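Asker: Could you have a look at this structure, given as structure tokens, before my questions?
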Amino acid sequence: MLSMSVFQATIVLAVIVVVIGGGIFAARSVEGSEGFSLGGRSAGVPMIAGCIAGTCVGGGATIGAAQLAASLGLSAIWFNIGMSLALIVMGVFYARPLRQTSLETVPQFLRLNYGIGSERFSTVVSSLGILFSAVASSLPGIALISALTGLTHVESALALLVLVAAYAFFGGMKSAGMGGILKMLLILLSLAIVGIYAWEETQNPVVMAAIPVDWWNIFSCGSHHIIMSVLSLLVGVICTQTYIQAVFSASNPHTAAIGAFSAAIVTLPVGIPCALVGMYMHVAHPEVPALIALPTYLLNEAPTIAGAVALGGLVLSIVSSIAGLSLGVGTMLARDLVIPRFGITDSHVEMVVMRGLIIGVIVVALGIAITHEHSQVLFWNYLSMALRGGGVFLPFTIAIFKTRAVPPRITLISMIVSTAVAIAAAVLESPVQPLLLGLIVSGIILAFGFFKNGGDDEGEHVVG
């Protein structure tokens, strides 16, 4: 268990209360289901950036960066670099055409181009994929709360459930946006201070001599690792409902694009101080497990106030990531399956359905994490990416650039087959990344459909 003083615990608790309280305060203006899921389509740049960055800067971008830096050095920041590049791509190519529609989910966009079959299939596989990503965030979240509080695994999961539900339940997109803004302000400021101290400690002659020289080279992990990391993050960002939902919530297409760019800017710097901490802790305190290197440093080595604020930010990073992912899944399940299936038209009933589904997703994700306490986070990430991107990314991207260029039936076949291949590769622990295999299969089938359709939008259309 990590030891906190009463003063440190008070600051951590205050940070959590301020950020979650700010999200609940923003929820006062939420009216109806569209206000809940899209903020009334009136979001400005800060709210869009807050929602996106609040979700993507989770345990992987902070605790994970420090953990990886303990074995790779500064090249661990490729997660943050890749995330920022993916957000820039989303801002340049995807944000404007998506916001020009009046849609709410990725499956709805697929239905517009390929028919109802693609909508239903993508809703199911994308929801499962994002759910498994929430599981990947829940595992370190439960471990961190347990280490900080001494609670059991199940008790820590219940505490995490309360925090995540409070973050996402009341205001939906507005809560996620406001909470994300507050969280990113606190974590950027505190980690900047922590990073300065970590840099100074790594420059100590004794520590510097013990750090391998190639750890200072961000390209030392090799081009294959870099390419696959960037590709995975690109596909993950583009195919994740929460990020696209933030784009749909923008007041106009231009604002949607600028919001994505802003999220990219605030996401990039987070990994650097975390990586420096991981490098220092590996040399100075090799007895500390790499997974808790960052929280240990924040409690024991960093300036008291900055370290405690950053630690509160770490807890919120995990909370906001799970909450944002659950909001995306809840919105898809509600809009694309439950509400159409039962013919619900009352806006307040729709909002009740969304909230219920969001809580359900959180409970399921934490339940899986509890029952798979010792599973590898990487496995859930691979499985998540296989489901989210293996079959959906290419059809979605083609629809952005060339409407209905592939016949609906062939598109649906490509989504089913490539997703099955990617899942099989993940379960069988293929030496080739499951996502890459899924994309290759998807590309082959879609290329056949493209040429069969004559490469234009005059071929077979089934828009349900």
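The way I read the labels, and the way they are meant: chains A, B, ... in the order of the structure tokens, residue 1 as the first residue of every chain, and ligand 1 as the first ligand shown, with later ones counted on from there.
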So which residues touch Gly91 (chain A) within 6 Å, counting only C-alpha atoms, skipping near sequence neighbours fewer than 6 positions away, as a VMD selection string?
Answerer: chain A and resid 257 260 to 261
Asker: Those residues with N, CA, C and O atoms, as a compact mmCIF listing (two decimals), in the first residue's frame please?
Answerer:
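Everything below was put into selection_10.txt:
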```txt
# COMPACT_ATOMS: atom_id res chain seq x y z
N ALA A 257 -13.29 20.88 -35.88
CA ALA A 257 -11.90 20.64 -36.28
C ALA A 257 -10.92 21.29 -35.30
O ALA A 257 -9.95 20.66 -34.88
N ALA A 260 -10.59 19.32 -32.10
CA ALA A 260 -9.72 18.14 -32.22
C ALA A 260 -8.25 18.55 -32.19
O ALA A 260 -7.43 17.91 -31.53
N PHE A 261 -7.91 19.65 -32.90
CA PHE A 261 -6.52 20.14 -32.86
C PHE A 261 -6.11 20.54 -31.45
O PHE A 261 -4.99 20.25 -31.01
```
Asker: Write out as a list in words each polymer residue whose atoms come within 10 Å of Phe248 (chain A), counting only C-alpha atoms; drop sequence neighbours fewer than 2 positions from it.
Answerer: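 The residues satisfying every condition are Ser37, Leu38, Gly39, Gly40, Arg41, Ser42, Ala43, Ile48, Ala95, Arg96, Leu98, Arg99, Gln100, Thr101, Ser102, Leu103, Glu104, Thr105, Val106, Thr242, Tyr243, Ile244, Gln245, Ala246, Ala250, Ser251, Asn252, Pro253 and Ala256 of chain A.
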Asker: Counting only C-alpha atoms, which of A:Val441, A:Ile398, A:Ile142, A:Leu68 gets nearest to Glu373 (chain A)?
Answerer: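 Between A:Val441, A:Ile398, A:Ile142, A:Leu68, the residue approaching Glu373 (chain A) most closely is A:Ile142.
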Asker: For region 124-138 of chain A, find every residue with an atom within 9 Å (counting only C-alpha atoms), except residues of its own chain fewer than 3 positions away, and show them as a count of residues only.
Answerer: 53
Asker: Can you list every residue of region 297-408 of chain A that has an atom at most 8 Å from region 172-195 of chain A, with its nearest atom pair and the distance in Å to one decimal, using only C-alpha atoms, ordered by chain then number, as JSON lines?
Answerer:
```
{"residue": "A:Leu298", "atom": "CA", "partner": "A:Val194", "partner_atom": "CA", "distance": 7.8}
{"residue": "A:Ala302", "atom": "CA", "partner": "A:Val194", "partner_atom": "CA", "distance": 6.0}
{"residue": "A:Pro303", "atom": "CA", "partner": "A:Val194", "partner_atom": "CA", "distance": 7.3}
{"residue": "A:Ala306", "atom": "CA", "partner": "A:Ser190", "partner_atom": "CA", "distance": 4.9}
{"residue": "A:Gly307", "atom": "CA", "partner": "A:Val194", "partner_atom": "CA", "distance": 6.8}
{"residue": "A:Val309", "atom": "CA", "partner": "A:Ser190", "partner_atom": "CA", "distance": 6.3}
{"residue": "A:Ala310", "atom": "CA", "partner": "A:Ser190", "partner_atom": "CA", "distance": 5.3}
{"residue": "A:Gly313", "atom": "CA", "partner": "A:Ile187", "partner_atom": "CA", "distance": 5.3}
{"residue": "A:Leu314", "atom": "CA", "partner": "A:Ile187", "partner_atom": "CA", "distance": 7.7}
{"residue": "A:Leu316", "atom": "CA", "partner": "A:Lys183", "partner_atom": "CA", "distance": 7.0}
{"residue": "A:Ser317", "atom": "CA", "partner": "A:Lys183", "partner_atom": "CA", "distance": 7.6}
{"residue": "A:Ser320", "atom": "CA", "partner": "A:Ala176", "partner_atom": "CA", "distance": 7.3}
{"residue": "A:Ala323", "atom": "CA", "partner": "A:Ala176", "partner_atom": "CA", "distance": 7.8}
{"residue": "A:Gly324", "atom": "CA", "partner": "A:Ala176", "partner_atom": "CA", "distance": 6.7}
{"residue": "A:Leu327", "atom": "CA", "partner": "A:Gly172", "partner_atom": "CA", "distance": 6.8}
```
Asker: If you measure from CA of Ala9 (chain A) to CA of Ala308 (chain A), what distance in Å do you get, rounded to one decimal?
Answerer: 7.5 Å
Asker: Go through region 111-244 of chain A and collect every residue that DSSP, computed from the backbone, puts in alpha helix (DSSP H); the answer should be as a PyMOL selection string.
Answerer: chain A and resi 111-114+116-149+153-168+173-202+205-210+223-238+241-244
Asker: Provide the CA of Phe342 (chain A) to CA of Gly35 (chain A) distance in Å, to one decimal place.
Answerer: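 So the answer is 21.0 Å.
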Asker: Quick one: residues within 12 Å of Tyr114 (chain A), only C-alpha atoms, excluding same-chain residues fewer than 3 positions away - as a PyMOL selection string?
Answerer: chain A and resi 107-111+117-122+392+395-396+398-399+403-415+457+459-464
Asker: Smallest atom-to-atom distance to Leu357 (chain A): which of A:Ala26, A:Val247, A:Ala168, A:Ile77, using only C-alpha atoms?
Answerer: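 Under the stated criterion, the closest residue is A:Ala168.
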Asker: To one decimal place, how far is CA of Ser232 (chain A) from CA of Gly82 (chain A) in Å?
Answerer: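 Computing the Euclidean distance for CA of Ser232 (chain A) and CA of Gly82 (chain A) yields 8.5 Å.
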Asker: I'd like the contact shell of Ile258 (chain A) - 7 Å cut-off, only C-alpha atoms, skipping same-chain residues fewer than 4 positions apart - returned as a list in words.
Answerer: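 Returned residues: Val45, Gly91, His254 and Ser262 of chain A.
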Asker: Write out, as a PDB file, in the first residue's frame, the residues just selected, with C-alpha atoms.
Answerer:
```
ATOM      1  CA  VAL A  45     -13.565  24.474 -28.649  1.00  0.00           C
ATOM      2  CA  GLY A  91      -9.330  17.324 -37.202  1.00  0.00           C
ATOM      3  CA  HIS A 254     -14.955  24.590 -38.060  1.00  0.00           C
ATOM      4  CA  SER A 262      -6.701  21.646 -29.366  1.00  0.00           C
TER       5      SER A 262
END
```
Asker: Using only C-alpha atoms, which of A:Ile20, A:Ala65, A:Leu87, A:Cys221 sits nearest Ala165 (chain A)?
Answerer: A:Ile20
Asker: Neighbours of Phe93 (chain A) within 10 Å (only C-alpha atoms; same-chain residues fewer than 6 positions away dropped), as a ChimeraX atom specification?
Answerer: /A:257,397,400-401
Asker: Output the selection as a compact mmCIF listing (two decimals), in the first residue's frame - C-alpha atoms for each residue.
Answerer:
```
# COMPACT_ATOMS: atom_id res chain seq x y z
CA ALA A 257 -11.90 20.64 -36.28
CA THR A 397 -12.85 6.18 -43.83
CA ILE A 400 -15.73 10.02 -45.50
CA PHE A 401 -13.77 10.48 -48.74
```
